[in-house]
Amino acid sequence: MRTETDFLGSVELEDNIYYGISTYRALQNFNVSKETVNLKIIKELVNIKKQAAFTNRKLKYIDAEIATAIIVSCNKILNGEFDHSFVVNKYQGGAGTSTNMNVNEVIANITLEELGYKKGEYNIVHPINHVNLHQSTNDTYPTAVKIATIKVIRELADEYAGLQKTFQDLESKNGHIIKLGRTQLMDALPILAGQMFGAYAETFSRDRWRIYKVEERLRTINIGGTAIGTGLNAPLKYTFMMTSLLQESTNIGLSRAESLIDNTQNLDSFNEVSALLKVSAASLVKISNDLRFLSSGPNGGIGEIILKDQQAGSSIMPGKVNPVILEMVIQNGHKIISNDQLITNLIASGNLELNSFLPMISETLLESIELFVNTVSIFNSRCAKHIKVDKERCLENLEKSASLITPLIHIIGYDQASEIVKEAKNSKSSIRSVLIQKELFTEEELNILLDPLNITRPGIIRGAINE
């Protein structure tokens, strides 16, 4: 056992534990779940500590031997050797101080062992005086969160690029298949299946661009701003060198905020990222619902598209298969939308020079992006890439619909067209058969007039008998 002391008193810690008294108190205070801080945040914090050690060694603020040992310790953490030592609950108060101190203490104790000392001998290597030198939780923690978020956003943009391509491929593959379009869930005008998929691809293209561009909102960091953005206790050379080293080590175009005070107290950039995630999630939910509707049945529903069977859908109905991937996508999309409301509320609740609620803001934002990455990946690989269009079913539904009369209104007039629809409905006949029966058009003329390319493009249909 070893004894560690702070101004509140002393605690006994097991010798094999790398964290210290600050982390111990956090464990007592925030024992509300089994979920610890996202390791992506931890790793970026560790990299900040590593670059700070480089900087402080270069500027001769830390003994070279100690700084080098800190760098070695950070590398070990970044390699995953000490993941189990980061134990603070993600639902924490204190604006991230508990997370920062957990990192500081673990690095300090690994460093002590590297130098041949025992854990807790902070007179040699101190969590604050050495590991946290020229830093504050209020500049390191948000910087770590921004870097971690940017990296995951890039993954999401890549997944969206794949999803966009899948629907562009579906557009090309199904450009010749005509089907019934629908408005308000009711029969509308004819549309090519390729046009439908192409519209979805355009939506994903916009979402991909939004996600790609929103990274820029997070590249401005407040490193060197210390507690409230004034930069007290952080030399200017340190601040500029740290910004450069973080650029190099993360391969991200980070820049020092023009106003470190503003960048410390206001978190609107996180709100903007979350809002754009919400926009993309809403589109994904809408399109997933469309696909679920079009694949419904298949015998008692629409059945115009065919989804790949993924698992048995019922414990009582043999042969039933449900659109489980789409259902997952819809639920996850609503989760991301709900998370945006939480993030918005917490950002609005910040006070004066600091937002104390950054821990939940950051955890929720990362949760949304990580969930989004995995959701889009599975949606693309296990659903979208396997979509097929049932050409015969599309034609059958179209022929049953009154929508085929619409392209002919400029020839026979709206009133006569309405009478044709009424007669077809009463006689349970197709629009095409009633038109031929009344000798308004021959079958050959209708084939020309109602050619798929004729009735799915702008303007008045060509090939009319009165041209």
# chains A, B, ... in the order shown; residues from 1 in each chain; ligands from 1
call {"tool": "residues_around", "arguments": {"residues": "Lys400 (chain A)", "least_positions_apart": "6", "cutoff": "8 Å", "atoms": "only C-alpha atoms", "output": "list in words"}}
result
Ser429, Ser430 and Ile431 of chain A
call {"tool": "select_by_dssp", "arguments": {"residues": "region 91-209 of chain A", "states": "strand (DSSP E)", "output": "list in words"}}
result
Ile178, Lys179, Leu180, Gly181, Arg182, Thr183, Met186, Asp187, Ala188, Leu189, Pro190, Ile191 and Leu192 of chain A
call {"tool": "select_by_dssp", "arguments": {"residues": "region 414-453 of chain A", "states": "helix (DSSP H, G or I)", "output": "list of chain:residue names"}}
result
A:Tyr414, A:Asp415, A:Gln416, A:Ala417, A:Ser418, A:Glu419, A:Ile420, A:Val421, A:Lys422, A:Glu423, A:Ala424, A:Lys425, A:Asn426, A:Ser427, A:Ile431, A:Arg432, A:Ser433, A:Val434, A:Leu435, A:Ile436, A:Gln437, A:Glu443, A:Glu444, A:Glu445, A:Leu446, A:Asn447, A:Ile448, A:Leu449
call {"tool": "residues_around", "arguments": {"residues": "region 181-184 of chain A", "least_positions_apart": "5", "cutoff": "9 Å", "atoms": "only C-alpha atoms", "output": "ChimeraX atom specification"}}
result
/A:189-192,196,398,403
call {"tool": "write_last_selection", "arguments": {"atoms": "N, CA and C atoms", "output": "CSV table (one decimal), in the first residue's frame"}}
result
chain,number,residue,atom,x,y,z
A,189,LEU,N,-47.1,10.1,-59.8
A,189,LEU,CA,-46.6,10.0,-61.2
A,189,LEU,C,-45.6,8.8,-61.3
A,190,PRO,N,-45.4,8.3,-62.5
A,190,PRO,CA,-44.4,7.3,-62.7
A,190,PRO,C,-43.0,7.9,-62.5
A,191,ILE,N,-42.1,7.0,-62.1
A,191,ILE,CA,-40.7,7.4,-61.9
A,191,ILE,C,-39.8,6.2,-62.2
A,192,LEU,N,-38.6,6.5,-62.7
A,192,LEU,CA,-37.7,5.4,-62.9
A,192,LEU,C,-37.1,5.0,-61.6
A,196,MET,N,-35.1,7.4,-58.5
A,196,MET,CA,-35.4,7.3,-57.1
A,196,MET,C,-34.0,7.1,-56.4
A,398,LEU,N,-47.8,-0.2,-61.2
A,398,LEU,CA,-48.0,1.0,-62.0
A,398,LEU,C,-49.2,0.8,-62.9
A,403,SER,N,-52.3,6.7,-62.1
A,403,SER,CA,-51.3,7.7,-62.5
A,403,SER,C,-50.9,7.7,-63.9
call {"tool": "closest_atom_pairs", "arguments": {"of": "region 291-391 of chain A", "to": "region 213-230 of chain A", "cutoff": "12 Å", "atoms": "only C-alpha atoms", "output": "JSON lines"}}
result
{"residue": "A:Asn351", "atom": "CA", "partner": "A:Ile228", "partner_atom": "CA", "distance": 11.8}
{"residue": "A:Leu352", "atom": "CA", "partner": "A:Ile228", "partner_atom": "CA", "distance": 9.6}
{"residue": "A:Glu353", "atom": "CA", "partner": "A:Ile228", "partner_atom": "CA", "distance": 5.8}
{"residue": "A:Leu354", "atom": "CA", "partner": "A:Ile228", "partner_atom": "CA", "distance": 6.9}
{"residue": "A:Asn355", "atom": "CA", "partner": "A:Ile228", "partner_atom": "CA", "distance": 10.5}
call {"tool": "closest_residue", "arguments": {"among": "A:Ile48, A:Tyr160, A:Ile287, A:Asp139", "to": "Ser377 (chain A)", "atoms": "only C-alpha atoms"}}
result
A:Tyr160
call {"tool": "decode", "arguments": {"residues": "region 345-358 of chain A", "atoms": "N, CA and C atoms", "output": "PDB file, in the first residue's frame"}}
result
ATOM      1  N   ASN A 345     -28.764  21.664 -25.136  1.00  0.00           N
ATOM      2  CA  ASN A 345     -29.151  22.130 -23.800  1.00  0.00           C
ATOM      3  C   ASN A 345     -27.937  22.360 -22.909  1.00  0.00           C
ATOM      4  N   LEU A 346     -26.968  21.448 -22.978  1.00  0.00           N
ATOM      5  CA  LEU A 346     -25.786  21.578 -22.127  1.00  0.00           C
ATOM      6  C   LEU A 346     -24.897  22.733 -22.561  1.00  0.00           C
ATOM      7  N   ILE A 347     -24.798  22.954 -23.867  1.00  0.00           N
ATOM      8  CA  ILE A 347     -24.003  24.091 -24.350  1.00  0.00           C
ATOM      9  C   ILE A 347     -24.661  25.403 -23.946  1.00  0.00           C
ATOM     10  N   ALA A 348     -25.977  25.443 -24.000  1.00  0.00           N
ATOM     11  CA  ALA A 348     -26.701  26.652 -23.584  1.00  0.00           C
ATOM     12  C   ALA A 348     -26.566  26.894 -22.084  1.00  0.00           C
ATOM     13  N   SER A 349     -26.239  25.861 -21.326  1.00  0.00           N
ATOM     14  CA  SER A 349     -26.172  25.965 -19.864  1.00  0.00           C
ATOM     15  C   SER A 349     -24.806  26.379 -19.345  1.00  0.00           C
ATOM     16  N   GLY A 350     -23.846  26.621 -20.231  1.00  0.00           N
ATOM     17  CA  GLY A 350     -22.528  27.074 -19.790  1.00  0.00           C
ATOM     18  C   GLY A 350     -22.617  28.447 -19.139  1.00  0.00           C
ATOM     19  N   ASN A 351     -21.637  28.751 -18.285  1.00  0.00           N
ATOM     20  CA  ASN A 351     -21.650  30.028 -17.563  1.00  0.00           C
ATOM     21  C   ASN A 351     -20.305  30.739 -17.653  1.00  0.00           C
ATOM     22  N   LEU A 352     -20.360  32.018 -18.001  1.00  0.00           N
ATOM     23  CA  LEU A 352     -19.206  32.899 -17.934  1.00  0.00           C
ATOM     24  C   LEU A 352     -17.984  32.338 -18.652  1.00  0.00           C
ATOM     25  N   GLU A 353     -16.861  32.125 -17.955  1.00  0.00           N
ATOM     26  CA  GLU A 353     -15.605  31.791 -18.627  1.00  0.00           C
ATOM     27  C   GLU A 353     -15.421  30.316 -18.950  1.00  0.00           C
ATOM     28  N   LEU A 354     -16.379  29.460 -18.578  1.00  0.00           N
ATOM     29  CA  LEU A 354     -16.189  28.028 -18.805  1.00  0.00           C
ATOM     30  C   LEU A 354     -17.525  27.304 -18.822  1.00  0.00           C
ATOM     31  N   ASN A 355     -17.609  26.297 -19.694  1.00  0.00           N
ATOM     32  CA  ASN A 355     -18.775  25.415 -19.669  1.00  0.00           C
ATOM     33  C   ASN A 355     -18.401  24.165 -18.874  1.00  0.00           C
ATOM     34  N   SER A 356     -19.024  24.022 -17.714  1.00  0.00           N
ATOM     35  CA  SER A 356     -18.693  22.907 -16.818  1.00  0.00           C
ATOM     36  C   SER A 356     -19.170  21.563 -17.343  1.00  0.00           C
ATOM     37  N   PHE A 357     -20.001  21.590 -18.373  1.00  0.00           N
ATOM     38  CA  PHE A 357     -20.669  20.364 -18.808  1.00  0.00           C
ATOM     39  C   PHE A 357     -20.016  19.725 -20.033  1.00  0.00           C
ATOM     40  N   LEU A 358     -18.778  20.151 -20.329  1.00  0.00           N
ATOM     41  CA  LEU A 358     -18.079  19.609 -21.488  1.00  0.00           C
ATOM     42  C   LEU A 358     -17.921  18.083 -21.441  1.00  0.00           C
TER      43      LEU A 358
END
